Amino acid sequence: MKNTPTTTLLKNAIAILATASTLLCLTNCSVISGNTTAPNPSAKAVNQNTIHKNGCGISSLINAYRFAKPKWQKASQAIPGTSDAQKFHHITKNFGYTKSKYTPTTRRWNPNSGISSINLKDLANEYQNTNNLKLPQLKLTTHFTQNNDNHTTLLKRTHLHLKSSLKSGFPPILSIKHLKTNKIEGHLVTLYQLPSSIPSNATSFPIKYIDPLGGIIKQGTIHIPNTTQHQKSIAKYTKRTLAMNLPQSDITNKKQPKTKQIIVLSSSITP
């Protein structure tokens, strides 16, 4: 075919359409791959409100197993019981009342105060080993700035750590601390989703998490703290940590001014 003005225009139009199609594909692909999500996103979450008011730790462990890859799901399926309450109480009875390695005068699980993240890690590993589940050992990672770190580096390192666990098939269990005036309260949740990447100069990133208080997927952010927004008695706790904004969480006191309370990410349990 000769290159007449008409054929030239036709070729140009085809080229433009091809380019637009490629850009559309790239745009759609970026949307699809924009987040890293729990491998079993439609799993049923444990609601601690129907089981025990201090049951966030063990409930979050069961949720992590359920929302994980199949090899981890078998850890939830192996717990005796036909209801979430029966499974919960089996874990507490058989693995929660073991003496803590860190405070030998106390047990891992206390009905009056729940369980700490480090004791939950030990409980989970003992449960997995006792039942010969052949699963990777879980470990506890604290999320604090190190010697020459700053909060920007901590944010990137924390994002990478959490994403690696979620991508490998195990939703991390997050230990958060709610700091109030002269009081610190702990809570444990399971990470459901986070961005697959963040900018090098990011100051925050959004998350979705499974809150055992209700067994609901909620939204929030992990961010670099702005200590000028908080009074001195609380700001000292954010010098080496990342703050969290969890507007849908039930752990915050809606009647207390935000200047007198803050939520920080303390640690995570991952393979």
# chains A, B, ... in the order shown; residues from 1 in each chain; ligands from 1
>>> select_by_dssp(residues="stretch 12-244 of chain A", states="alpha helix (DSSP H)", output="PyMOL selection string")
chain A and resi 12-32+56-66+70-77+84-91+117-130+151-168+232-235
>>> select_by_dssp(residues="stretch 75-237 of chain A", states="strand (DSSP E or B)", output="NGL selection string")
:A and (99 or 107 or 109-110 or 114-115 or 139-142 or 173-180 or 183-195 or 204-211 or 216-223)
>>> closest_residue(among="A:Pro70, A:Leu174, A:Ile58, A:Gly214", to="A:Asp122", atoms="only C-alpha atoms")
A:Ile58
>>> residues_around(residues="A:Phe170", least_positions_apart="6", cutoff="12 Å", atoms="only C-alpha atoms", output="ChimeraX atom specification")
/A:36-41,61-73,75,135-138,161-164,190-193,268-271
>>> write_last_selection(atoms="N, CA and C atoms", output="compact mmCIF listing (two decimals), in the first residue's frame")
# COMPACT_ATOMS: atom_id res chain seq x y z
N THR A 36 -0.30 -5.38 48.90
CA THR A 36 -0.03 -6.77 49.28
C THR A 36 -1.06 -7.13 50.35
N THR A 37 -1.83 -8.17 50.07
CA THR A 37 -2.98 -8.52 50.90
C THR A 37 -2.82 -9.92 51.47
N ALA A 38 -3.48 -10.17 52.58
CA ALA A 38 -3.46 -11.50 53.19
C ALA A 38 -3.87 -12.55 52.16
N PRO A 39 -3.17 -13.69 52.13
CA PRO A 39 -3.42 -14.71 51.09
C PRO A 39 -4.83 -15.28 51.09
N ASN A 40 -5.48 -15.33 52.25
CA ASN A 40 -6.84 -15.87 52.33
C ASN A 40 -7.79 -14.77 52.82
N PRO A 41 -8.04 -13.79 51.96
CA PRO A 41 -8.71 -12.56 52.41
C PRO A 41 -10.15 -12.72 52.88
N LEU A 61 -3.66 -14.44 66.87
CA LEU A 61 -2.87 -15.57 66.37
C LEU A 61 -3.73 -16.47 65.50
N ILE A 62 -4.92 -16.82 65.97
CA ILE A 62 -5.81 -17.66 65.18
C ILE A 62 -6.18 -16.96 63.87
N ASN A 63 -6.41 -15.65 63.93
CA ASN A 63 -6.72 -14.90 62.72
C ASN A 63 -5.56 -14.93 61.73
N ALA A 64 -4.34 -14.82 62.25
CA ALA A 64 -3.17 -14.87 61.36
C ALA A 64 -3.11 -16.22 60.65
N TYR A 65 -3.34 -17.29 61.38
CA TYR A 65 -3.36 -18.62 60.77
C TYR A 65 -4.45 -18.72 59.69
N ARG A 66 -5.62 -18.22 60.00
CA ARG A 66 -6.76 -18.37 59.08
C ARG A 66 -6.59 -17.56 57.80
N PHE A 67 -6.03 -16.37 57.90
CA PHE A 67 -5.91 -15.50 56.74
C PHE A 67 -4.62 -15.76 55.96
N ALA A 68 -3.85 -16.76 56.36
CA ALA A 68 -2.55 -17.05 55.76
C ALA A 68 -2.67 -18.02 54.59
N LYS A 69 -1.51 -18.44 54.09
CA LYS A 69 -1.46 -19.48 53.06
C LYS A 69 -1.91 -20.82 53.64
N PRO A 70 -2.29 -21.76 52.78
CA PRO A 70 -2.81 -23.06 53.26
C PRO A 70 -1.91 -23.75 54.27
N LYS A 71 -0.59 -23.67 54.12
CA LYS A 71 0.28 -24.38 55.07
C LYS A 71 0.13 -23.83 56.48
N TRP A 72 -0.21 -22.55 56.61
CA TRP A 72 -0.46 -21.95 57.92
C TRP A 72 -1.89 -22.18 58.38
N GLN A 73 -2.82 -22.26 57.43
CA GLN A 73 -4.22 -22.47 57.78
C GLN A 73 -4.41 -23.77 58.56
N ALA A 75 -2.73 -24.84 60.85
CA ALA A 75 -2.50 -24.61 62.28
C ALA A 75 -3.79 -24.23 62.98
N LEU A 135 5.94 -26.13 60.71
CA LEU A 135 5.84 -24.75 60.26
C LEU A 135 7.08 -23.97 60.71
N PRO A 136 7.44 -22.90 59.99
CA PRO A 136 8.58 -22.07 60.43
C PRO A 136 8.33 -21.51 61.82
N GLN A 137 9.41 -21.38 62.58
CA GLN A 137 9.30 -20.78 63.90
C GLN A 137 8.96 -19.29 63.75
N LEU A 138 8.13 -18.81 64.64
CA LEU A 138 7.78 -17.40 64.65
C LEU A 138 8.79 -16.64 65.52
N HIS A 161 9.69 -5.14 56.25
CA HIS A 161 9.58 -6.32 57.11
C HIS A 161 8.15 -6.87 57.11
N LEU A 162 7.18 -6.00 57.28
CA LEU A 162 5.79 -6.43 57.32
C LEU A 162 5.33 -6.96 55.96
N LYS A 163 5.75 -6.29 54.90
CA LYS A 163 5.36 -6.74 53.56
C LYS A 163 5.96 -8.11 53.25
N SER A 164 7.20 -8.33 53.64
CA SER A 164 7.87 -9.61 53.37
C SER A 164 7.12 -10.76 54.03
N THR A 190 -4.00 -8.21 63.69
CA THR A 190 -3.36 -8.94 62.58
C THR A 190 -3.39 -8.08 61.33
N LEU A 191 -2.24 -7.92 60.69
CA LEU A 191 -2.16 -7.11 59.48
C LEU A 191 -2.89 -7.81 58.33
N TYR A 192 -3.71 -7.06 57.61
CA TYR A 192 -4.48 -7.60 56.49
C TYR A 192 -3.94 -7.11 55.14
N GLN A 193 -3.52 -5.84 55.08
CA GLN A 193 -3.07 -5.28 53.80
C GLN A 193 -2.21 -4.06 54.03
N SER A 268 6.27 -6.82 66.12
CA SER A 268 5.47 -7.69 65.25
C SER A 268 5.95 -9.13 65.38
N ILE A 269 5.02 -10.05 65.17
CA ILE A 269 5.35 -11.48 65.17
C ILE A 269 5.24 -11.97 63.75
N THR A 270 6.34 -12.52 63.23
CA THR A 270 6.42 -12.99 61.86
C THR A 270 7.28 -14.26 61.81
N PRO A 271 7.23 -15.00 60.69
CA PRO A 271 8.12 -16.16 60.57
C PRO A 271 9.59 -15.74 60.54
>>> residues_around(residues="A:Lys183", least_positions_apart="3", cutoff="10 Å", atoms="only C-alpha atoms", output="count of residues only")
5
>>> atom_distance(atom1="atom CA of A:Gln86", atom2="atom CA of A:Arg108")
18.8 Å
>>> closest_residue(among="A:Phe205, A:Phe88, A:Tyr127, A:Trp109", to="A:Asn245", atoms="only C-alpha atoms")
A:Phe205
>>> closest_residue(among="A:Thr103, A:Ser267, A:Gln77, A:Asn131", to="A:Val189", atoms="only C-alpha atoms")
A:Ser267
>>> closest_residue(among="A:Lys177, A:Lys121, A:Lys139, A:His159", to="A:Ser60", atoms="only C-alpha atoms")
A:Lys121
>>> closest_residue(among="A:Leu242, A:Ile173, A:Ile263, A:Leu133", to="A:Ser117", atoms="only C-alpha atoms")
A:Ile173
>>> closest_residue(among="A:Asn94, A:Pro80, A:His52, A:Gly57", to="A:Ser175", atoms="only C-alpha atoms")
A:Gly57
